[in-house]
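Written below as structure tokens is the structure these notes are about.
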Amino acid sequence: MVCEIAILGLSLKPLDYLLSENLLKEIEIGSLVKIPLKKKEHYGVVVGFKKGNGEKELKEIKEVIIKNFLPKKLLRLIKITARYYFLEISDLLNYILPKGLIKDLLKEKEEFPCEEEKREKRIIPYLFWQYPDFALFQKTFNIILKLIKENKSVLLIFPTFEILNNYYQFFLENFPNKEINLYQYHYQIKRKEEINIWKDIRRGKSCILFSIRKGIFLPFLNLGGVFLFFEEMPLYKEWERKIHFDVRKLSFFRSFLENIPLFIFTPSPSIELFYQILKKRIKVLRKDKTYLETKRIIIVKKEKDKILTAPLKKFLFYLREKEKAFLLMPEKSYSKIIYCEDCGYFPKCPSCQIALSYFKNPPRLECPYCRYQTIFDICPNCQSENFYYKYFGKEKLIEELEKEDFPNKKNIEIGGFLDSLSLTSPLDFSAILDYENLFSYFGFLSEERVLQIFIYLLNKIKKNGFLLVQKRDKKEDEFLRFLKRKEIEKIYFLILKKRKELMYPPFSKLLLIKVIGEREKLTKSIYKIKENIKKLLNEKIKDSNEVKILGPLQKIKRKRKKRVYQFLLKIPKNIRIHNYLNLEDFKKIIIKNLEIEIDFEPIDI
């Protein structure tokens, strides 16, 4: 018999190894084994079996280290994730297994228990369509207690460590059962603690686990339910590293594979989730519209080159001692763009070729992508000292606030969207300082993300409070008109209509192909690679003419000091891309000395 083995510590497709007769009873899917590769020995995980191939000589597996290393259901999730996101299984295993785990396990060669197979009626995911404040969180305690009494584990997933920590502290103070195993699993815990948590869970110990991304891949034997908070947050998508996957999607995968309930909490479902609600694939348990009832949206005309309009200054001046206000300002710099008024020169990053942002404290011009910095007092082109600043940010706002004589200035908070999430006290009013510029931050997700920002701020505002919107003209667009009428679902349908016209998700699938390499080699080869992509699609897909190829486009952000070009494939929903293509197919389009990275369902294009 032949085993397919994903080799740990390397980035390779699973390799075939012979299984000798004496190891036949000691091995199964998910076993940790020792295998030879070239002149070294490595550890790997058995991911499949197949009949022997007499045409080629294969090396034999040296030793079975742990028979039941990974539970079969978890390995199934890993294989599905790798196939869905066009990843190497070995890359995914290297990401999800704690560093030092294998070395730690080799000391004892511990045998782990097997999982139980169960067949029950299929459960569909549940949605709480409301802001998951502490009051709602506390209502979930009864569900968690019930699962604990059944000796089940509970996984709670959050988009950021800061949000996780707030809910964890509240849980510690208010959960009625103190006799429980309670864990946090994220990038801030120590390596030894991460290994111990992994081993406890693999031994079948019941627990309540607070996690960010990697917790979805922990080896639970008795997982009773998954709770996903703030589903709309794009931070659930891993896009910075080589491997790209979305924890929201994986929560659905794991819930389906193990037939366990998935509870989703969000005040503003993502467009993808809203589309699933329309298709009746999600059961809405609770829908809250009370946060809109008594709150007003006030639109004021933005004054040129000023951050604070006269009406906003008035509201800030009359802010009382116990009242709080929040000013939304996504840009952190003093000014997003600076240029010479005499000759029109504006400084650009020498590597990324985009405008440098100006920071006043300390003085510098900085690239928002590669963090390149420079500074000058006079124009390098004409020696003029007349500079024009455009699209002001947080530093300019702080400067303007310092000039004003507001009695309760300490009660005014400033920040971006993530800062608004960590607000603990309710607001008397909030302000969006540059409505139009807000749409430029999020690419094709812009309208969806702006809607989420509005809903979050309205949730944070007290009864009879208001949200002030500074706009370049006072005329309401369709988006604001529906919002003021509190017709939120009409905004969702408006966004869906535009997505359908432009063939964006959920009416298509997007696949981003990133080609990475040295500048000269990449420039020479990029159009040859485009031809290779066309050829691959024509060979593999019957209706390949329906797949749109956009690019090549040079990516501003570089990787490991190398250039990046990208192609975007828009794939109609009727073409199930995974039935035709896999990672090995994409690797064939690449020319020597270049690298490829696949980002399926990207959120940043």
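Following the order of the structure tokens, first chain is A, next is B, and so on, with residues numbered from 1 inside each chain and ligands from 1 in the order they appear.
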
Which residues of range 275-323 of chain A come within 12 Å of range 120-133 of chain A, and for each one, what is the closest pair of atoms and their distance in Å to one decimal, counting only C-alpha atoms, sorted by chain and residue number, as JSON lines?
{"residue": "A:Gln276", "atom": "CA", "partner": "A:Pro125", "partner_atom": "CA", "distance": 10.4}
{"residue": "A:Ile277", "atom": "CA", "partner": "A:Leu127", "partner_atom": "CA", "distance": 9.1}
{"residue": "A:Lys280", "atom": "CA", "partner": "A:Ile124", "partner_atom": "CA", "distance": 9.5}
{"residue": "A:Arg281", "atom": "CA", "partner": "A:Ile124", "partner_atom": "CA", "distance": 6.8}
{"residue": "A:Ile282", "atom": "CA", "partner": "A:Pro125", "partner_atom": "CA", "distance": 5.3}
{"residue": "A:Lys283", "atom": "CA", "partner": "A:Tyr126", "partner_atom": "CA", "distance": 4.9}
{"residue": "A:Val284", "atom": "CA", "partner": "A:Leu127", "partner_atom": "CA", "distance": 4.7}
{"residue": "A:Leu285", "atom": "CA", "partner": "A:Phe128", "partner_atom": "CA", "distance": 5.7}
{"residue": "A:Arg286", "atom": "CA", "partner": "A:Phe128", "partner_atom": "CA", "distance": 4.9}
{"residue": "A:Lys287", "atom": "CA", "partner": "A:Trp129", "partner_atom": "CA", "distance": 4.6}
{"residue": "A:Asp288", "atom": "CA", "partner": "A:Gln130", "partner_atom": "CA", "distance": 5.1}
{"residue": "A:Lys289", "atom": "CA", "partner": "A:Gln130", "partner_atom": "CA", "distance": 7.8}
{"residue": "A:Thr290", "atom": "CA", "partner": "A:Gln130", "partner_atom": "CA", "distance": 9.5}
{"residue": "A:Tyr291", "atom": "CA", "partner": "A:Gln130", "partner_atom": "CA", "distance": 9.0}
{"residue": "A:Leu292", "atom": "CA", "partner": "A:Gln130", "partner_atom": "CA", "distance": 11.5}

Test item, strand (DSSP E) assignment across range 457-602 of chain A, answer as a PyMOL selection string: chain A and resi 461-471+508-517+548-559+562-572+595-600

Generate the output file for the selected residues, C-alpha atoms, as a PDB file, in the first residue's frame.
ATOM      1  CA  ILE A 461     -24.994  56.236  20.373  1.00  0.00           C
ATOM      2  CA  LYS A 462     -27.483  56.683  23.229  1.00  0.00           C
ATOM      3  CA  LYS A 463     -31.229  57.067  22.804  1.00  0.00           C
ATOM      4  CA  ASN A 464     -32.117  60.460  21.289  1.00  0.00           C
ATOM      5  CA  GLY A 465     -28.487  60.914  20.222  1.00  0.00           C
ATOM      6  CA  PHE A 466     -27.400  61.665  16.681  1.00  0.00           C
ATOM      7  CA  LEU A 467     -24.814  60.927  14.023  1.00  0.00           C
ATOM      8  CA  LEU A 468     -23.479  63.975  12.184  1.00  0.00           C
ATOM      9  CA  VAL A 469     -22.248  63.403   8.618  1.00  0.00           C
ATOM     10  CA  GLN A 470     -19.977  66.008   7.010  1.00  0.00           C
ATOM     11  CA  LYS A 471     -20.538  65.841   3.255  1.00  0.00           C
ATOM     12  CA  SER A 508     -19.169  35.419  -9.012  1.00  0.00           C
ATOM     13  CA  LYS A 509     -16.021  34.063  -7.425  1.00  0.00           C
ATOM     14  CA  LEU A 510     -12.818  36.105  -7.456  1.00  0.00           C
ATOM     15  CA  LEU A 511      -9.392  34.530  -7.702  1.00  0.00           C
ATOM     16  CA  LEU A 512      -6.258  36.627  -7.352  1.00  0.00           C
ATOM     17  CA  ILE A 513      -3.013  35.292  -8.855  1.00  0.00           C
ATOM     18  CA  LYS A 514       0.050  37.054  -7.416  1.00  0.00           C
ATOM     19  CA  VAL A 515       3.335  36.643  -9.288  1.00  0.00           C
ATOM     20  CA  ILE A 516       6.411  37.516  -7.233  1.00  0.00           C
ATOM     21  CA  GLY A 517      10.008  37.969  -8.348  1.00  0.00           C
ATOM     22  CA  LYS A 548     -12.676  37.432 -17.177  1.00  0.00           C
ATOM     23  CA  ILE A 549      -8.928  37.983 -16.714  1.00  0.00           C
ATOM     24  CA  LEU A 550      -8.021  41.447 -15.411  1.00  0.00           C
ATOM     25  CA  GLY A 551      -4.374  42.483 -15.290  1.00  0.00           C
ATOM     26  CA  PRO A 552      -1.459  42.315 -15.028  1.00  0.00           C
ATOM     27  CA  LEU A 553      -1.478  45.074 -12.443  1.00  0.00           C
ATOM     28  CA  GLN A 554       1.636  45.968 -10.472  1.00  0.00           C
ATOM     29  CA  LYS A 555       0.882  45.684  -6.764  1.00  0.00           C
ATOM     30  CA  ILE A 556       2.082  48.654  -4.730  1.00  0.00           C
ATOM     31  CA  LYS A 557       2.889  46.598  -1.663  1.00  0.00           C
ATOM     32  CA  ARG A 558       5.966  44.409  -2.191  1.00  0.00           C
ATOM     33  CA  LYS A 559       6.963  41.072  -0.639  1.00  0.00           C
ATOM     34  CA  LYS A 562      10.502  41.676  -4.532  1.00  0.00           C
ATOM     35  CA  ARG A 563       7.992  43.090  -7.013  1.00  0.00           C
ATOM     36  CA  VAL A 564       4.446  41.748  -7.191  1.00  0.00           C
ATOM     37  CA  TYR A 565       2.151  41.664 -10.222  1.00  0.00           C
ATOM     38  CA  GLN A 566      -1.361  40.338  -9.963  1.00  0.00           C
ATOM     39  CA  PHE A 567      -4.125  38.990 -12.195  1.00  0.00           C
ATOM     40  CA  LEU A 568      -7.754  38.971 -11.093  1.00  0.00           C
ATOM     41  CA  LEU A 569     -10.028  36.225 -12.404  1.00  0.00           C
ATOM     42  CA  LYS A 570     -13.789  36.880 -12.288  1.00  0.00           C
ATOM     43  CA  ILE A 571     -15.419  33.451 -12.381  1.00  0.00           C
ATOM     44  CA  PRO A 572     -19.192  33.105 -12.967  1.00  0.00           C
ATOM     45  CA  GLU A 595       6.886  32.564  -7.309  1.00  0.00           C
ATOM     46  CA  ILE A 596       3.102  32.276  -7.343  1.00  0.00           C
ATOM     47  CA  GLU A 597       0.533  32.958  -4.633  1.00  0.00           C
ATOM     48  CA  ILE A 598      -3.193  32.242  -4.968  1.00  0.00           C
ATOM     49  CA  ASP A 599      -5.755  34.266  -3.022  1.00  0.00           C
ATOM     50  CA  PHE A 600      -9.233  32.802  -3.548  1.00  0.00           C
TER      51      PHE A 600
END

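In this model, the gap between CA of Lys146 in chain A and CA of Asn177 in chain A comes to 11.2 Å.
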
Can you list, as a PDB file with all heavy atoms, in the first residue's frame, every protein, DNA or RNA residue that comes within 12 Å of Ile398 in chain A when you count only C-alpha atoms, leaving out same-chain residues fewer than 4 positions away?
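Heads up, here's the output in selection03.pdb:
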ATOM      1  N   ILE A 307     -11.587  70.730   8.791  1.00  0.00           N
ATOM      2  CA  ILE A 307     -12.088  69.446   9.292  1.00  0.00           C
ATOM      3  C   ILE A 307     -13.356  69.648  10.098  1.00  0.00           C
ATOM      4  O   ILE A 307     -14.311  68.899   9.969  1.00  0.00           O
ATOM      5  CB  ILE A 307     -11.004  68.741  10.150  1.00  0.00           C
ATOM      6  CG1 ILE A 307      -9.833  68.317   9.257  1.00  0.00           C
ATOM      7  CG2 ILE A 307     -11.573  67.531  10.855  1.00  0.00           C
ATOM      8  CD1 ILE A 307      -8.753  67.564   9.959  1.00  0.00           C
ATOM      9  N   LEU A 308     -13.366  70.668  10.947  1.00  0.00           N
ATOM     10  CA  LEU A 308     -14.502  70.914  11.825  1.00  0.00           C
ATOM     11  C   LEU A 308     -15.412  71.980  11.218  1.00  0.00           C
ATOM     12  O   LEU A 308     -15.008  73.134  11.049  1.00  0.00           O
ATOM     13  CB  LEU A 308     -14.023  71.372  13.209  1.00  0.00           C
ATOM     14  CG  LEU A 308     -13.069  70.417  13.957  1.00  0.00           C
ATOM     15  CD1 LEU A 308     -12.555  71.073  15.223  1.00  0.00           C
ATOM     16  CD2 LEU A 308     -13.778  69.111  14.289  1.00  0.00           C
ATOM     17  N   LEU A 327     -15.275  61.143  17.063  1.00  0.00           N
ATOM     18  CA  LEU A 327     -15.058  61.682  15.732  1.00  0.00           C
ATOM     19  C   LEU A 327     -14.311  60.644  14.904  1.00  0.00           C
ATOM     20  O   LEU A 327     -13.190  60.260  15.248  1.00  0.00           O
ATOM     21  CB  LEU A 327     -14.258  62.987  15.792  1.00  0.00           C
ATOM     22  CG  LEU A 327     -14.790  64.066  16.761  1.00  0.00           C
ATOM     23  CD1 LEU A 327     -13.913  65.314  16.694  1.00  0.00           C
ATOM     24  CD2 LEU A 327     -16.234  64.418  16.449  1.00  0.00           C
ATOM     25  N   MET A 329     -12.098  59.325  12.105  1.00  0.00           N
ATOM     26  CA  MET A 329     -11.036  59.823  11.215  1.00  0.00           C
ATOM     27  C   MET A 329     -10.116  58.664  10.872  1.00  0.00           C
ATOM     28  O   MET A 329      -9.200  58.338  11.635  1.00  0.00           O
ATOM     29  CB  MET A 329     -10.269  60.948  11.919  1.00  0.00           C
ATOM     30  CG  MET A 329      -9.107  61.509  11.126  1.00  0.00           C
ATOM     31  SD  MET A 329      -9.563  62.151   9.514  1.00  0.00           S
ATOM     32  CE  MET A 329     -10.404  63.650   9.951  1.00  0.00           C
ATOM     33  N   LYS A 332      -4.448  58.497   9.645  1.00  0.00           N
ATOM     34  CA  LYS A 332      -3.677  58.807  10.860  1.00  0.00           C
ATOM     35  C   LYS A 332      -2.723  59.979  10.687  1.00  0.00           C
ATOM     36  O   LYS A 332      -2.285  60.587  11.658  1.00  0.00           O
ATOM     37  CB  LYS A 332      -2.875  57.575  11.293  1.00  0.00           C
ATOM     38  CG  LYS A 332      -3.755  56.425  11.775  1.00  0.00           C
ATOM     39  CD  LYS A 332      -2.913  55.239  12.212  1.00  0.00           C
ATOM     40  CE  LYS A 332      -3.810  54.093  12.669  1.00  0.00           C
ATOM     41  NZ  LYS A 332      -3.026  52.912  13.100  1.00  0.00           N
ATOM     42  N   SER A 333      -2.361  60.304   9.464  1.00  0.00           N
ATOM     43  CA  SER A 333      -1.353  61.342   9.204  1.00  0.00           C
ATOM     44  C   SER A 333      -1.927  62.744   9.412  1.00  0.00           C
ATOM     45  O   SER A 333      -3.109  62.915   9.729  1.00  0.00           O
ATOM     46  CB  SER A 333      -0.833  61.208   7.771  1.00  0.00           C
ATOM     47  OG  SER A 333      -1.902  61.407   6.859  1.00  0.00           O
ATOM     48  N   TYR A 334      -1.088  63.761   9.173  1.00  0.00           N
ATOM     49  CA  TYR A 334      -1.550  65.149   9.170  1.00  0.00           C
ATOM     50  C   TYR A 334      -2.283  65.426   7.867  1.00  0.00           C
ATOM     51  O   TYR A 334      -3.346  66.034   7.844  1.00  0.00           O
ATOM     52  CB  TYR A 334      -0.353  66.097   9.317  1.00  0.00           C
ATOM     53  CG  TYR A 334      -0.730  67.560   9.413  1.00  0.00           C
ATOM     54  CD1 TYR A 334      -1.014  68.144  10.645  1.00  0.00           C
ATOM     55  CD2 TYR A 334      -0.812  68.356   8.274  1.00  0.00           C
ATOM     56  CE1 TYR A 334      -1.367  69.483  10.742  1.00  0.00           C
ATOM     57  CE2 TYR A 334      -1.167  69.693   8.357  1.00  0.00           C
ATOM     58  CZ  TYR A 334      -1.441  70.252   9.588  1.00  0.00           C
ATOM     59  OH  TYR A 334      -1.803  71.569   9.680  1.00  0.00           O
ATOM     60  N   LYS A 360       3.276  65.310  11.063  1.00  0.00           N
ATOM     61  CA  LYS A 360       3.865  66.489  11.702  1.00  0.00           C
ATOM     62  C   LYS A 360       4.616  66.138  12.985  1.00  0.00           C
ATOM     63  O   LYS A 360       5.486  66.879  13.429  1.00  0.00           O
ATOM     64  CB  LYS A 360       2.750  67.495  12.002  1.00  0.00           C
ATOM     65  CG  LYS A 360       3.198  68.950  11.993  1.00  0.00           C
ATOM     66  CD  LYS A 360       1.998  69.872  12.024  1.00  0.00           C
ATOM     67  CE  LYS A 360       2.464  71.323  11.899  1.00  0.00           C
ATOM     68  NZ  LYS A 360       1.299  72.247  11.884  1.00  0.00           N
ATOM     69  N   ASN A 361       4.256  64.998  13.594  1.00  0.00           N
ATOM     70  CA  ASN A 361       4.839  64.663  14.896  1.00  0.00           C
ATOM     71  C   ASN A 361       5.264  63.187  14.937  1.00  0.00           C
ATOM     72  O   ASN A 361       4.422  62.306  15.133  1.00  0.00           O
ATOM     73  CB  ASN A 361       3.820  64.952  16.004  1.00  0.00           C
ATOM     74  CG  ASN A 361       4.408  64.762  17.388  1.00  0.00           C
ATOM     75  OD1 ASN A 361       5.601  64.886  17.608  1.00  0.00           O
ATOM     76  ND2 ASN A 361       3.553  64.439  18.339  1.00  0.00           N
ATOM     77  N   PHE A 392      -6.979  65.852   4.968  1.00  0.00           N
ATOM     78  CA  PHE A 392      -6.392  65.893   6.310  1.00  0.00           C
ATOM     79  C   PHE A 392      -6.730  64.643   7.114  1.00  0.00           C
ATOM     80  O   PHE A 392      -7.717  63.957   6.842  1.00  0.00           O
ATOM     81  CB  PHE A 392      -6.880  67.137   7.058  1.00  0.00           C
ATOM     82  CG  PHE A 392      -6.352  68.416   6.475  1.00  0.00           C
ATOM     83  CD1 PHE A 392      -7.208  69.345   5.886  1.00  0.00           C
ATOM     84  CD2 PHE A 392      -5.001  68.684   6.483  1.00  0.00           C
ATOM     85  CE1 PHE A 392      -6.721  70.509   5.337  1.00  0.00           C
ATOM     86  CE2 PHE A 392      -4.502  69.848   5.940  1.00  0.00           C
ATOM     87  CZ  PHE A 392      -5.373  70.768   5.359  1.00  0.00           C
ATOM     88  N   GLY A 393      -5.859  64.383   8.129  1.00  0.00           N
ATOM     89  CA  GLY A 393      -6.018  63.205   8.967  1.00  0.00           C
ATOM     90  C   GLY A 393      -6.064  63.544  10.441  1.00  0.00           C
ATOM     91  O   GLY A 393      -6.316  64.686  10.845  1.00  0.00           O
ATOM     92  N   LYS A 394      -5.784  62.519  11.245  1.00  0.00           N
ATOM     93  CA  LYS A 394      -5.925  62.610  12.699  1.00  0.00           C
ATOM     94  C   LYS A 394      -5.040  63.698  13.314  1.00  0.00           C
ATOM     95  O   LYS A 394      -5.475  64.418  14.217  1.00  0.00           O
ATOM     96  CB  LYS A 394      -5.586  61.238  13.310  1.00  0.00           C
ATOM     97  CG  LYS A 394      -5.906  61.112  14.779  1.00  0.00           C
ATOM     98  CD  LYS A 394      -5.664  59.676  15.241  1.00  0.00           C
ATOM     99  CE  LYS A 394      -5.957  59.518  16.725  1.00  0.00           C
ATOM    100  NZ  LYS A 394      -5.740  58.119  17.165  1.00  0.00           N
ATOM    101  N   GLU A 402      -7.122  71.469  19.500  1.00  0.00           N
ATOM    102  CA  GLU A 402      -6.318  72.190  20.493  1.00  0.00           C
ATOM    103  C   GLU A 402      -6.523  73.704  20.410  1.00  0.00           C
ATOM    104  O   GLU A 402      -6.413  74.414  21.403  1.00  0.00           O
ATOM    105  CB  GLU A 402      -4.839  71.848  20.320  1.00  0.00           C
ATOM    106  CG  GLU A 402      -4.491  70.452  20.838  1.00  0.00           C
ATOM    107  CD  GLU A 402      -3.075  70.041  20.518  1.00  0.00           C
ATOM    108  OE1 GLU A 402      -2.393  70.765  19.746  1.00  0.00           O
ATOM    109  OE2 GLU A 402      -2.636  68.978  21.013  1.00  0.00           O
ATOM    110  N   LYS A 403      -6.832  74.204  19.218  1.00  0.00           N
ATOM    111  CA  LYS A 403      -7.041  75.650  19.037  1.00  0.00           C
ATOM    112  C   LYS A 403      -8.398  76.099  19.583  1.00  0.00           C
ATOM    113  O   LYS A 403      -8.591  77.271  19.891  1.00  0.00           O
ATOM    114  CB  LYS A 403      -6.970  76.006  17.549  1.00  0.00           C
ATOM    115  CG  LYS A 403      -5.586  75.867  16.937  1.00  0.00           C
ATOM    116  CD  LYS A 403      -5.654  76.140  15.440  1.00  0.00           C
ATOM    117  CE  LYS A 403      -4.311  75.884  14.781  1.00  0.00           C
ATOM    118  NZ  LYS A 403      -4.416  76.023  13.291  1.00  0.00           N
ATOM    119  N   GLU A 404      -9.357  75.145  19.682  1.00  0.00           N
ATOM    120  CA  GLU A 404     -10.702  75.495  20.107  1.00  0.00           C
ATOM    121  C   GLU A 404     -10.835  75.470  21.628  1.00  0.00           C
ATOM    122  O   GLU A 404     -10.163  74.692  22.306  1.00  0.00           O
ATOM    123  CB  GLU A 404     -11.718  74.511  19.491  1.00  0.00           C
ATOM    124  CG  GLU A 404     -11.725  74.482  17.976  1.00  0.00           C
ATOM    125  CD  GLU A 404     -12.247  75.769  17.366  1.00  0.00           C
ATOM    126  OE1 GLU A 404     -12.968  76.518  18.068  1.00  0.00           O
ATOM    127  OE2 GLU A 404     -11.929  76.023  16.188  1.00  0.00           O
ATOM    128  N   LYS A 409     -13.238  69.054  26.464  1.00  0.00           N
ATOM    129  CA  LYS A 409     -12.429  68.498  25.382  1.00  0.00           C
ATOM    130  C   LYS A 409     -12.001  67.055  25.673  1.00  0.00           C
ATOM    131  O   LYS A 409     -11.838  66.252  24.760  1.00  0.00           O
ATOM    132  CB  LYS A 409     -11.195  69.385  25.185  1.00  0.00           C
ATOM    133  CG  LYS A 409     -10.610  69.345  23.794  1.00  0.00           C
ATOM    134  CD  LYS A 409      -9.420  70.284  23.666  1.00  0.00           C
ATOM    135  CE  LYS A 409      -9.862  71.729  23.617  1.00  0.00           C
ATOM    136  NZ  LYS A 409      -8.730  72.647  23.347  1.00  0.00           N
ATOM    137  N   LYS A 410     -11.835  66.741  26.952  1.00  0.00           N
ATOM    138  CA  LYS A 410     -11.377  65.394  27.343  1.00  0.00           C
ATOM    139  C   LYS A 410     -12.408  64.318  27.005  1.00  0.00           C
ATOM    140  O   LYS A 410     -12.085  63.123  26.948  1.00  0.00           O
ATOM    141  CB  LYS A 410     -11.055  65.365  28.844  1.00  0.00           C
ATOM    142  CG  LYS A 410     -12.250  65.593  29.756  1.00  0.00           C
ATOM    143  CD  LYS A 410     -11.861  65.556  31.216  1.00  0.00           C
ATOM    144  CE  LYS A 410     -13.081  65.661  32.143  1.00  0.00           C
ATOM    145  NZ  LYS A 410     -13.847  66.905  31.958  1.00  0.00           N
ATOM    146  N   ILE A 412     -13.961  64.090  24.176  1.00  0.00           N
ATOM    147  CA  ILE A 412     -13.997  63.894  22.730  1.00  0.00           C
ATOM    148  C   ILE A 412     -12.958  62.844  22.342  1.00  0.00           C
ATOM    149  O   ILE A 412     -11.768  63.028  22.585  1.00  0.00           O
ATOM    150  CB  ILE A 412     -13.718  65.213  21.972  1.00  0.00           C
ATOM    151  CG1 ILE A 412     -14.702  66.295  22.403  1.00  0.00           C
ATOM    152  CG2 ILE A 412     -13.782  64.986  20.463  1.00  0.00           C
ATOM    153  CD1 ILE A 412     -14.327  67.690  21.927  1.00  0.00           C
ATOM    154  N   GLU A 413     -13.411  61.732  21.786  1.00  0.00           N
ATOM    155  CA  GLU A 413     -12.483  60.685  21.340  1.00  0.00           C
ATOM    156  C   GLU A 413     -12.362  60.705  19.821  1.00  0.00           C
ATOM    157  O   GLU A 413     -13.323  61.016  19.113  1.00  0.00           O
ATOM    158  CB  GLU A 413     -12.953  59.314  21.815  1.00  0.00           C
ATOM    159  CG  GLU A 413     -12.868  59.150  23.332  1.00  0.00           C
ATOM    160  CD  GLU A 413     -12.953  57.703  23.762  1.00  0.00           C
ATOM    161  OE1 GLU A 413     -12.233  56.875  23.166  1.00  0.00           O
ATOM    162  OE2 GLU A 413     -13.728  57.411  24.685  1.00  0.00           O
ATOM    163  N   ILE A 414     -11.149  60.352  19.336  1.00  0.00           N
ATOM    164  CA  ILE A 414     -10.870  60.371  17.900  1.00  0.00           C
ATOM    165  C   ILE A 414     -10.333  59.004  17.501  1.00  0.00           C
ATOM    166  O   ILE A 414      -9.566  58.386  18.254  1.00  0.00           O
ATOM    167  CB  ILE A 414      -9.804  61.436  17.563  1.00  0.00           C
ATOM    168  CG1 ILE A 414     -10.225  62.810  18.065  1.00  0.00           C
ATOM    169  CG2 ILE A 414      -9.525  61.479  16.077  1.00  0.00           C
ATOM    170  CD1 ILE A 414      -9.084  63.806  18.085  1.00  0.00           C
ATOM    171  N   GLY A 415     -10.677  58.541  16.321  1.00  0.00           N
ATOM    172  CA  GLY A 415     -10.091  57.280  15.863  1.00  0.00           C
ATOM    173  C   GLY A 415     -10.749  56.761  14.605  1.00  0.00           C
ATOM    174  O   GLY A 415     -11.675  57.366  14.065  1.00  0.00           O
TER     175      GLY A 415
END

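Residue nearest Ile189 in chain A within the list A:Ile212, A:Leu223, A:Ile491, A:Ile605: A:Ile212 [criterion: smallest interatomic distance, only C-alpha atoms].
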
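Distances to Glu173 in chain A were evaluated for A:Ser430, A:Asn22, A:Asn68, A:Gln138 using only C-alpha atoms, and the minimum falls at A:Gln138.
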
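CA of Phe230 in chain A lies 22.5 Å from CA of Tyr85 in chain A.
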
Test item, alpha helix (DSSP H) assignment across range 289-406 of chain A, answer as a PyMOL selection string: chain A and resi 290-293+310-317+394-403

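The neighbours of range 527-529 of chain A here are the residues that come within 8 Å of it, using only C-alpha atoms and leaving out any residue fewer than 3 positions away in the same chain; they are A:Lys524, A:Asn532, A:Ile533, A:Pro552, A:Ile589, A:Ile590, A:Ile591.
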
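Taking only C-alpha atoms into account, Asn94 in chain A lies nearest to A:Val45 out of the set A:Cys349, A:Ile577, A:Ile260, A:Val45.
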
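With only C-alpha atoms as the atoms that count, the residue of A:Gly9, A:Pro261, A:Pro36, A:Gly215 with the shortest distance to Tyr187 in chain A is A:Gly215.
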